[in-house]
Amino acid sequence: MTEQAPSDGTEGPAVVPDARSGSLEASRRARREADEAFSAFYRATIRPLVGFLINQGASLAVAADIAQDTMTKAYQRWSELRDPRAWAHTVASRALIRTFASVDEDLVGAVPEPTSLLARPDAIAEWEARYDARPMLASLPPRQRQALAWTLAGYTPGDIAELLGLPVDTVRGNLAKARRAAAAYLATKEGQR
Amino acid sequence: MTTHEPNPEVVDQWLDRHQRELADGLDGALDVEAGLREVLLQSRHDAAVDALGSVLDVEGGLAAILPAGRSDRETLTTPSPGRIDPVTRLALRAVPRVVAAYEVFNDTYYRTHKLDADLMRICVEITQPAELPRWDALVIVVDKALDLTRVLTDDLSPGFDRSDDRPSEFNMPRIRAFGLSMGLVADLLRALGYVRRLADIGRVDMFVAHELADALRRSRALVPALVELRAGELRYVIGVALNTEPPLLDSTAVRAFLDDFTTSDLRSADLSGVDLTGVRWSEAGTRWPPMVDIDDLKSRSEAEGDGIWVVRSGTATVRDLAELA
C-alpha cells in the first residue's frame, strides 16, 4: 500500500447548505414578484380567454372551467412561458377540442357545479341567450369557427397558422368562409325585420 | 323576399360589437378575483413549504455533525462549510438502515432517470411522429413507464402500512410525491389509450398529442420530487445513526457523503462488515488500513480515470479484502 502524507482527518465532501434555508428571503421575493406578474396576466386574460372559448362553441360553464384549469397550468409553468397569452389560448383551445371529443361520455344536461370563477351557474341560460352572434357561430364548421374565434381574440392569420400548425392559406380560407357566413347570417336577420 | 349581404365593414362592426357584449357580459358573470385566489393557493402552499426551512436549527444541526474541537466552523452561506470525518462516513455503510435507505435512494435515482427519459421519448414520438411510426413499440414504452411509476411510488399511498418511525416532516413531501404520481399515472393511462388507438387505426390527432405531451412534461416534476424525498429519508436515517440532526446534504451531496473517499485517510477505521459497493477511491488520495490489499481492491473495482476507482456492485466487503491480505 502506498504511504502518503498524513492528512488532517477532516477531508471528505463538503456539507452542502440547504438552498431553501440559505435563501428563503430571496425565494419569497422571487415568488412574490412572480405572483404579481401572474396576477396581472390573469386579470387581463381570464375574461378574453373565456370569451375565446365561448366563440369556439363552449358553454359559459365549460369555458370558465377550461380557462381556470389553463390558468392553473400557466401558473405552474410561469417561469417557462415566453408568450403566456398565446400559450394559454393554445392550451385552452386544445382542451376544448378534447372536451368536444369526449362529450359522449358526459351526462347530458348535467347541471354545472359552482366554481370560484363562475359562482352562479344558474344564471347561465339567461346570460347565453343575450348574445345574438352565438347562433351564427354555432352554425359554422369547426375549422371556420376556430379561425374566427382566434381572429376575434386579436390574432392574425399568420399567428393562428403558427400556433395551430396549419398552412396560413388554410387559415385565411377558413376565415374568409366564416366572414361570408357571418355576412349571410346578418343579411338574413335584416331581411327578417 | 330578397336579401343582400352587407359589406365586410358591416360584418366586422357586428363581430366587434359581439366581442364587446361578450366581454361586458363576462364582467358580470365571472368572479375574477376569486378565480385568481384559487390559482394562487398553490403559491401559499409552496411558501409554507419553504417556510419549514426557517424552523430548522441549521447552525445547531451543522454543529452537531462537525468533528469535535474544530474552531473554524463556518456559516452555511460560505463556500467551505464543515466536513465530516471519513471514518464515520465509511462506518455508516455498515449500518443496516443506512444501507437500506441508500439502496432505495440509488434505486430511485436510476429508475426515475429511466422514467424521465421514457416520458421525454413518449412526448417526442407522439408530437413529432416518424414517417413510419412504430406505435406498437411506443405502447410498450408507455406501459413500462406506467409500471415503473407504480413501482417507484407504491409505498407513498396513504394506506401503505409503514412500520418505520419516520417523523411527520416527511408527510408533506410524501403526499406531494404521491399526488404527482397519481397525476402521472392518469396522464400515462390517457397516453396509453391514445397510443393504442394509434396502433390500431393509425390516425394521429395532434391536438390530443400536444395536450398529452404538455401533461406528461408537467408530470415529470415527480422525478425530482421522488429523488428529494428519498434523499430526505436517507438523511434522516444517517442522522439517527449518528444520533444527531440529519446532515444538510442535497441529493447529490448525500451520494458523495457515502461514496466519495478519494482523498480520505481511513487508516484508523474499523472497516469490518462495511459494504464497499459504489465506493470511489483513488490510488493517490485514499489511505486504507494496512490489511487491505490494494491490488485486490483494484481487481474488484472499475477504473474511472485519473487514478479514481469505483468498487463494483456485490464484489467485496473490507472483511473479504482483509482476509485476503
# chains A, B, ... in the order shown; residues from 1 in each chain; ligands from 1
$ residues_around --residues "segment 297-301 of chain B" --least-positions-apart "6" --cutoff "7 Å" --atoms "only C-alpha atoms" --output "PyMOL selection string"
chain B and resi 309-312+315
$ residues_around --residues "Phe41 of chain A" --least-positions-apart "5" --cutoff "12 Å" --atoms "only C-alpha atoms" --output "VMD selection string"
(chain A and resid 34 to 36 46 to 49 71 74 to 75 78 81 83 to 86 88) or (chain B and resid 32 36)
$ write_last_selection --atoms "C-alpha atoms" --output "short mmCIF file (atom, residue, chain, number, x, y, z; two decimals), in the first residue's frame"
data_model
loop_
_atom_site.label_atom_id
_atom_site.label_comp_id
_atom_site.auth_asym_id
_atom_site.auth_seq_id
_atom_site.Cartn_x
_atom_site.Cartn_y
_atom_site.Cartn_z
CA ALA A 34 -43.84 36.01 -9.99
CA ASP A 35 -47.25 36.05 -8.28
CA GLU A 36 -47.67 39.74 -9.06
CA ILE A 46 -59.17 35.33 -17.99
CA ARG A 47 -62.22 37.11 -19.44
CA PRO A 48 -60.94 37.25 -23.03
CA LEU A 49 -59.91 33.61 -22.69
CA MET A 71 -54.53 29.42 -15.85
CA ALA A 74 -49.90 28.57 -16.69
CA TYR A 75 -49.07 29.40 -13.09
CA TRP A 78 -45.00 30.52 -15.37
CA LEU A 81 -43.65 30.66 -20.72
CA ASP A 83 -45.71 34.17 -24.58
CA PRO A 84 -48.21 33.30 -21.84
CA ARG A 85 -51.20 34.72 -23.68
CA ALA A 86 -50.63 32.66 -26.83
CA ALA A 88 -52.98 29.96 -22.72
CA VAL B 32 -62.05 37.11 -11.47
CA LEU B 36 -57.19 34.23 -9.09
#
$ atom_distance --atom1 "atom CA of Gly154 of chain A" --atom2 "atom CA of Thr90 of chain A"
13.3 Å
$ residues_around --residues "Thr170 of chain A" --least-positions-apart "3" --cutoff "12 Å" --atoms "only C-alpha atoms" --output "number ranges by chain"
A: 143-144, 146-147, 157-158, 160-162, 164-167, 173-177
$ residues_around --residues "Val50 of chain A" --least-positions-apart "6" --cutoff "12 Å" --atoms "only C-alpha atoms" --output "PyMOL selection string"
(chain A and resi 42-44+56-71+88-89+92-93+96+117-118+149+153) or (chain B and resi 19+22-23+25-27+29-30+32)
$ closest_residue --among "B:Ser251, B:Thr277, B:Ser272, B:Thr263" --to "Gly307 of chain B" --atoms "only C-alpha atoms"
B:Thr263
